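Colleague: This structure is in structure tokens; I'll ask about it shortly.
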Amino acid sequence: EDGEYPNMSRRQLLLETGTAAAVLSSEPSEASGETAVAAQTKAAKDAETGIQALRDPLAQSGCATPAMDRQRLRLDGLLPPRVSSADVEVARCMKALRLETSQLARYRILICLQQENLTAFVQTITEHADELLPIIYTPTVGEACLNFGTLYPRPLGLYISHRNRGRIRDVLQHWPHKVDTVVVTDGERVLGLGDLGAHGMGIVCGKALVYTAATGISPTSVLPLTIDVGTNNQQLLEGPFYLGERESRIPKSS
């Protein structure tokens, strides 16, 4: 009803929305001159700013992002209108996790949360560490490593390949965060599962999250690092979804 909008009737709201949408979809005419072009350029930059913020798990807190931050980051309209508390965001995640029947599905949910809303992620795994540690680390992380080629999330760690020799310092500088701790693997022996090569990234990501759950430190301060020197796992080498170098493991004596 109109009473839901204290300063604007429903009709006025619809009219303003329609007018604004028409402006967005129209091309500036010659008569409109540089003013309209400048306005559309600013709108495009604002939209890009909002999308970038939405994709940055450090910049915003999902539905718990305060109204002032939404306006500053150009997130109005890109997030649902209701501002939730941080506790509600944690409860929302736990509800979703408990609706799933497989640990791997729960792992996916947590990794997605880590990539989208770091504040809620850290609060969730620290407040529910006993329930969630078996998902973010053993035993579920082993299953995640075995399925890493199809799970593949946005990068949560850094890969160093033997092809990077001579410019490893440059590659390390691509990591955008200040690092206090590095967790390293070459994927040769992963939880008794054998040589998983580059898919060993799952185990170092999991161990990094254990540090967060146990101490509350930010996941960005721990760098999961996988050194890809090949793998002797023929099934991975022949499979279409392997993410690492398709070469046999370089001998340690090389």
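Going through the structure tokens in order, the chains are called A, B, and so on, while each chain numbers its residues from 1 and the ligands are numbered from 1 in the order shown.
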Step one, run DSSP on the backbone; step two, keep only residues of range 16-210 of chain A assigned to strand (DSSP E); then write them as a PDB file with all heavy atoms, in the first residue's frame.
Modeller:
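The result, stored in selection.pdb:
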ATOM      1  N   LEU A 158      47.777 -18.807  -4.166  1.00  0.00           N
ATOM      2  CA  LEU A 158      48.680 -18.440  -5.253  1.00  0.00           C
ATOM      3  C   LEU A 158      49.380 -19.687  -5.781  1.00  0.00           C
ATOM      4  O   LEU A 158      49.803 -20.544  -5.002  1.00  0.00           O
ATOM      5  CB  LEU A 158      49.721 -17.440  -4.738  1.00  0.00           C
ATOM      6  CG  LEU A 158      50.522 -16.669  -5.787  1.00  0.00           C
ATOM      7  CD1 LEU A 158      49.625 -15.692  -6.538  1.00  0.00           C
ATOM      8  CD2 LEU A 158      51.660 -15.892  -5.114  1.00  0.00           C
ATOM      9  N   TYR A 159      49.495 -19.778  -7.102  1.00  0.00           N
ATOM     10  CA  TYR A 159      50.194 -20.889  -7.744  1.00  0.00           C
ATOM     11  C   TYR A 159      51.553 -20.411  -8.254  1.00  0.00           C
ATOM     12  O   TYR A 159      51.646 -19.368  -8.910  1.00  0.00           O
ATOM     13  CB  TYR A 159      49.409 -21.413  -8.937  1.00  0.00           C
ATOM     14  CG  TYR A 159      48.098 -22.079  -8.605  1.00  0.00           C
ATOM     15  CD1 TYR A 159      46.922 -21.336  -8.540  1.00  0.00           C
ATOM     16  CD2 TYR A 159      48.023 -23.450  -8.374  1.00  0.00           C
ATOM     17  CE1 TYR A 159      45.709 -21.936  -8.245  1.00  0.00           C
ATOM     18  CE2 TYR A 159      46.812 -24.057  -8.073  1.00  0.00           C
ATOM     19  CZ  TYR A 159      45.663 -23.300  -8.018  1.00  0.00           C
ATOM     20  OH  TYR A 159      44.463 -23.895  -7.724  1.00  0.00           O
ATOM     21  N   ILE A 160      52.585 -21.186  -7.964  1.00  0.00           N
ATOM     22  CA  ILE A 160      53.908 -20.969  -8.549  1.00  0.00           C
ATOM     23  C   ILE A 160      54.223 -22.191  -9.398  1.00  0.00           C
ATOM     24  O   ILE A 160      54.256 -23.317  -8.882  1.00  0.00           O
ATOM     25  CB  ILE A 160      54.999 -20.782  -7.479  1.00  0.00           C
ATOM     26  CG1 ILE A 160      54.752 -19.519  -6.644  1.00  0.00           C
ATOM     27  CG2 ILE A 160      56.379 -20.731  -8.132  1.00  0.00           C
ATOM     28  CD1 ILE A 160      54.945 -18.233  -7.380  1.00  0.00           C
ATOM     29  N   SER A 161      54.414 -21.985 -10.678  1.00  0.00           N
ATOM     30  CA  SER A 161      54.756 -23.082 -11.584  1.00  0.00           C
ATOM     31  C   SER A 161      56.250 -23.069 -11.850  1.00  0.00           C
ATOM     32  O   SER A 161      56.912 -22.023 -11.743  1.00  0.00           O
ATOM     33  CB  SER A 161      53.989 -22.913 -12.904  1.00  0.00           C
ATOM     34  OG  SER A 161      54.531 -23.746 -13.913  1.00  0.00           O
ATOM     35  N   THR A 181      51.664 -15.207   7.237  1.00  0.00           N
ATOM     36  CA  THR A 181      51.948 -16.646   7.276  1.00  0.00           C
ATOM     37  C   THR A 181      51.722 -17.236   5.881  1.00  0.00           C
ATOM     38  O   THR A 181      50.782 -16.853   5.183  1.00  0.00           O
ATOM     39  CB  THR A 181      51.006 -17.356   8.269  1.00  0.00           C
ATOM     40  OG1 THR A 181      51.123 -16.714   9.541  1.00  0.00           O
ATOM     41  CG2 THR A 181      51.357 -18.830   8.396  1.00  0.00           C
ATOM     42  N   VAL A 182      52.598 -18.164   5.499  1.00  0.00           N
ATOM     43  CA  VAL A 182      52.452 -18.855   4.217  1.00  0.00           C
ATOM     44  C   VAL A 182      52.309 -20.348   4.489  1.00  0.00           C
ATOM     45  O   VAL A 182      53.087 -20.919   5.253  1.00  0.00           O
ATOM     46  CB  VAL A 182      53.667 -18.608   3.292  1.00  0.00           C
ATOM     47  CG1 VAL A 182      53.488 -19.341   1.965  1.00  0.00           C
ATOM     48  CG2 VAL A 182      53.870 -17.122   3.056  1.00  0.00           C
ATOM     49  N   VAL A 183      51.301 -20.974   3.890  1.00  0.00           N
ATOM     50  CA  VAL A 183      51.096 -22.422   3.975  1.00  0.00           C
ATOM     51  C   VAL A 183      51.384 -22.994   2.588  1.00  0.00           C
ATOM     52  O   VAL A 183      50.743 -22.600   1.614  1.00  0.00           O
ATOM     53  CB  VAL A 183      49.660 -22.774   4.409  1.00  0.00           C
ATOM     54  CG1 VAL A 183      49.539 -24.269   4.650  1.00  0.00           C
ATOM     55  CG2 VAL A 183      49.260 -22.000   5.657  1.00  0.00           C
ATOM     56  N   VAL A 184      52.354 -23.919   2.514  1.00  0.00           N
ATOM     57  CA  VAL A 184      52.882 -24.351   1.215  1.00  0.00           C
ATOM     58  C   VAL A 184      52.673 -25.844   0.997  1.00  0.00           C
ATOM     59  O   VAL A 184      52.780 -26.645   1.931  1.00  0.00           O
ATOM     60  CB  VAL A 184      54.394 -24.044   1.112  1.00  0.00           C
ATOM     61  CG1 VAL A 184      54.913 -24.373  -0.289  1.00  0.00           C
ATOM     62  CG2 VAL A 184      54.678 -22.588   1.445  1.00  0.00           C
ATOM     63  N   THR A 185      52.385 -26.209  -0.250  1.00  0.00           N
ATOM     64  CA  THR A 185      52.367 -27.618  -0.652  1.00  0.00           C
ATOM     65  C   THR A 185      52.835 -27.737  -2.095  1.00  0.00           C
ATOM     66  O   THR A 185      52.745 -26.777  -2.868  1.00  0.00           O
ATOM     67  CB  THR A 185      50.947 -28.213  -0.533  1.00  0.00           C
ATOM     68  OG1 THR A 185      51.012 -29.629  -0.801  1.00  0.00           O
ATOM     69  CG2 THR A 185      49.980 -27.600  -1.542  1.00  0.00           C
TER      70      THR A 185
END
Colleague: Taking only C-alpha atoms into account, name the residue in A:Pro224, A:Pro57, A:Gly157, A:Pro80 that is nearest to Cys112 in chain A.
Modeller: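 The answer is A:Pro57, which sits nearest to Cys112 in chain A.
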Colleague: Residues at most 12 Å from Trp175 in chain A, counting only C-alpha atoms, excluding those fewer than 2 positions away in the same chain, as a list in words?
Modeller: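 These residues fall inside the cut-off: Pro155, Leu156, Gly157, Leu158, Tyr159, Ile160, Ile168, Arg169, Asp170, Val171, Leu172, Gln173, His177, Lys178, Val179, Val182, Thr220, Ser221, Val222, Leu223, Pro224 and Leu225 of chain A.
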Colleague: Keeping C-alpha atoms, export the residues of the selection given above as an mmCIF file, in the first residue's frame.
Modeller:
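Full text of selection-v5.cif as output:
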data_model
loop_
_atom_site.group_PDB
_atom_site.id
_atom_site.type_symbol
_atom_site.label_atom_id
_atom_site.label_comp_id
_atom_site.auth_asym_id
_atom_site.auth_seq_id
_atom_site.Cartn_x
_atom_site.Cartn_y
_atom_site.Cartn_z
ATOM 1 C CA PRO A 155 41.558 -18.041 -6.652
ATOM 2 C CA LEU A 156 41.921 -18.425 -2.889
ATOM 3 C CA GLY A 157 45.672 -18.936 -3.017
ATOM 4 C CA LEU A 158 48.680 -18.440 -5.253
ATOM 5 C CA TYR A 159 50.194 -20.889 -7.744
ATOM 6 C CA ILE A 160 53.908 -20.969 -8.549
ATOM 7 C CA ILE A 168 58.955 -15.843 -8.967
ATOM 8 C CA ARG A 169 59.332 -12.578 -7.043
ATOM 9 C CA ASP A 170 57.085 -10.869 -9.596
ATOM 10 C CA VAL A 171 54.457 -13.609 -9.323
ATOM 11 C CA LEU A 172 54.440 -13.397 -5.515
ATOM 12 C CA GLN A 173 53.824 -9.657 -5.764
ATOM 13 C CA HIS A 177 47.219 -8.693 0.605
ATOM 14 C CA LYS A 178 49.806 -8.215 3.329
ATOM 15 C CA VAL A 179 50.876 -11.700 4.422
ATOM 16 C CA VAL A 182 52.452 -18.855 4.217
ATOM 17 C CA THR A 220 43.856 -12.524 3.905
ATOM 18 C CA SER A 221 46.887 -12.559 6.228
ATOM 19 C CA VAL A 222 47.550 -16.250 5.458
ATOM 20 C CA LEU A 223 48.737 -17.129 1.950
ATOM 21 C CA PRO A 224 47.935 -20.632 0.654
ATOM 22 C CA LEU A 225 50.731 -21.361 -1.834
#
Colleague: Taking 3 positions as the minimum chain separation for residues in the same chain, which residues sit within 12 Å of Ala129 in chain A when counting only C-alpha atoms? Answer as a ChimeraX atom specification.
Modeller: /A:94,121-126,132-137,209-216
Colleague: For N, CA, C and O atoms, I'd like the residues from the last selection saved as a JSON list (two decimals), in the first residue's frame.
Modeller:
[["chain", "number", "residue", "atom", "x", "y", "z"],
["A", 94, "MET", "N", 24.29, -20.64, 8.34],
["A", 94, "MET", "CA", 24.14, -21.90, 9.06],
["A", 94, "MET", "C", 22.86, -22.63, 8.64],
["A", 94, "MET", "O", 22.84, -23.86, 8.54],
["A", 121, "PHE", "N", 31.83, -14.66, 6.78],
["A", 121, "PHE", "CA", 32.54, -15.94, 6.74],
["A", 121, "PHE", "C", 33.37, -16.14, 8.01],
["A", 121, "PHE", "O", 33.29, -17.19, 8.66],
["A", 122, "VAL", "N", 34.16, -15.12, 8.37],
["A", 122, "VAL", "CA", 35.03, -15.25, 9.54],
["A", 122, "VAL", "C", 34.18, -15.42, 10.80],
["A", 122, "VAL", "O", 34.47, -16.28, 11.65],
["A", 123, "GLN", "N", 33.12, -14.65, 10.93],
["A", 123, "GLN", "CA", 32.26, -14.77, 12.11],
["A", 123, "GLN", "C", 31.60, -16.14, 12.17],
["A", 123, "GLN", "O", 31.49, -16.74, 13.25],
["A", 124, "THR", "N", 31.20, -16.65, 11.02],
["A", 124, "THR", "CA", 30.53, -17.96, 10.99],
["A", 124, "THR", "C", 31.46, -19.08, 11.43],
["A", 124, "THR", "O", 31.11, -19.90, 12.28],
["A", 125, "ILE", "N", 32.68, -19.12, 10.86],
["A", 125, "ILE", "CA", 33.55, -20.25, 11.18],
["A", 125, "ILE", "C", 34.17, -20.13, 12.56],
["A", 125, "ILE", "O", 34.57, -21.14, 13.15],
["A", 126, "THR", "N", 34.28, -18.91, 13.12],
["A", 126, "THR", "CA", 34.81, -18.78, 14.47],
["A", 126, "THR", "C", 33.74, -19.09, 15.52],
["A", 126, "THR", "O", 34.04, -19.72, 16.53],
["A", 132, "LEU", "N", 32.02, -26.66, 12.00],
["A", 132, "LEU", "CA", 32.48, -26.37, 10.64],
["A", 132, "LEU", "C", 33.91, -26.80, 10.33],
["A", 132, "LEU", "O", 34.26, -26.96, 9.17],
["A", 133, "LEU", "N", 34.73, -27.02, 11.35],
["A", 133, "LEU", "CA", 36.10, -27.47, 11.07],
["A", 133, "LEU", "C", 36.15, -28.77, 10.27],
["A", 133, "LEU", "O", 36.99, -28.91, 9.37],
["A", 134, "PRO", "N", 35.28, -29.75, 10.54],
["A", 134, "PRO", "CA", 35.30, -30.96, 9.71],
["A", 134, "PRO", "C", 34.87, -30.72, 8.26],
["A", 134, "PRO", "O", 35.06, -31.60, 7.42],
["A", 135, "ILE", "N", 34.33, -29.55, 7.99],
["A", 135, "ILE", "CA", 33.95, -29.22, 6.61],
["A", 135, "ILE", "C", 35.08, -28.47, 5.91],
["A", 135, "ILE", "O", 35.44, -28.80, 4.78],
["A", 136, "ILE", "N", 35.64, -27.46, 6.58],
["A", 136, "ILE", "CA", 36.69, -26.67, 5.92],
["A", 136, "ILE", "C", 38.05, -27.36, 5.97],
["A", 136, "ILE", "O", 38.96, -26.99, 5.21],
["A", 137, "TYR", "N", 38.19, -28.38, 6.84],
["A", 137, "TYR", "CA", 39.44, -29.13, 6.86],
["A", 137, "TYR", "C", 39.10, -30.62, 6.84],
["A", 137, "TYR", "O", 38.13, -31.02, 6.18],
["A", 209, "LEU", "N", 42.38, -21.80, 6.72],
["A", 209, "LEU", "CA", 41.11, -21.49, 7.37],
["A", 209, "LEU", "C", 41.05, -22.03, 8.79],
["A", 209, "LEU", "O", 40.35, -21.48, 9.64],
["A", 210, "VAL", "N", 41.79, -23.11, 9.06],
["A", 210, "VAL", "CA", 41.88, -23.60, 10.44],
["A", 210, "VAL", "C", 42.50, -22.52, 11.32],
["A", 210, "VAL", "O", 42.05, -22.28, 12.45],
["A", 211, "TYR", "N", 43.53, -21.84, 10.82],
["A", 211, "TYR", "CA", 44.15, -20.76, 11.58],
["A", 211, "TYR", "C", 43.14, -19.65, 11.88],
["A", 211, "TYR", "O", 43.10, -19.09, 12.97],
["A", 212, "THR", "N", 42.29, -19.35, 10.89],
["A", 212, "THR", "CA", 41.27, -18.32, 11.09],
["A", 212, "THR", "C", 40.25, -18.77, 12.13],
["A", 212, "THR", "O", 39.89, -18.01, 13.04],
["A", 213, "ALA", "N", 39.77, -20.01, 12.00],
["A", 213, "ALA", "CA", 38.76, -20.51, 12.94],
["A", 213, "ALA", "C", 39.30, -20.59, 14.36],
["A", 213, "ALA", "O", 38.58, -20.33, 15.32],
["A", 214, "ALA", "N", 40.58, -20.92, 14.48],
["A", 214, "ALA", "CA", 41.17, -21.11, 15.81],
["A", 214, "ALA", "C", 41.55, -19.80, 16.48],
["A", 214, "ALA", "O", 41.49, -19.67, 17.70],
["A", 215, "THR", "N", 41.95, -18.80, 15.68],
["A", 215, "THR", "CA", 42.49, -17.57, 16.26],
["A", 215, "THR", "C", 41.70, -16.32, 15.89],
["A", 215, "THR", "O", 41.90, -15.28, 16.52],
["A", 216, "GLY", "N", 40.84, -16.41, 14.87],
["A", 216, "GLY", "CA", 40.09, -15.24, 14.45],
["A", 216, "GLY", "C", 40.86, -14.31, 13.54],
["A", 216, "GLY", "O", 40.37, -13.23, 13.17]]
Colleague: Counting only C-alpha atoms, figure out which residue out of A:Gly194, A:Gly230, A:Pro139, A:Pro219 gets nearest to His162 in chain A.
Modeller: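 Closest candidate: A:Gly230.
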Colleague: Name the closest residue to Ala59 in chain A among the candidates A:Thr140, A:Asn147, A:Gln235, A:Gln115; distances are taken between atoms, counting only C-alpha atoms.
Modeller: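 Looking only at the distances to Ala59 in chain A, the closest residue turns out to be A:Gln115.
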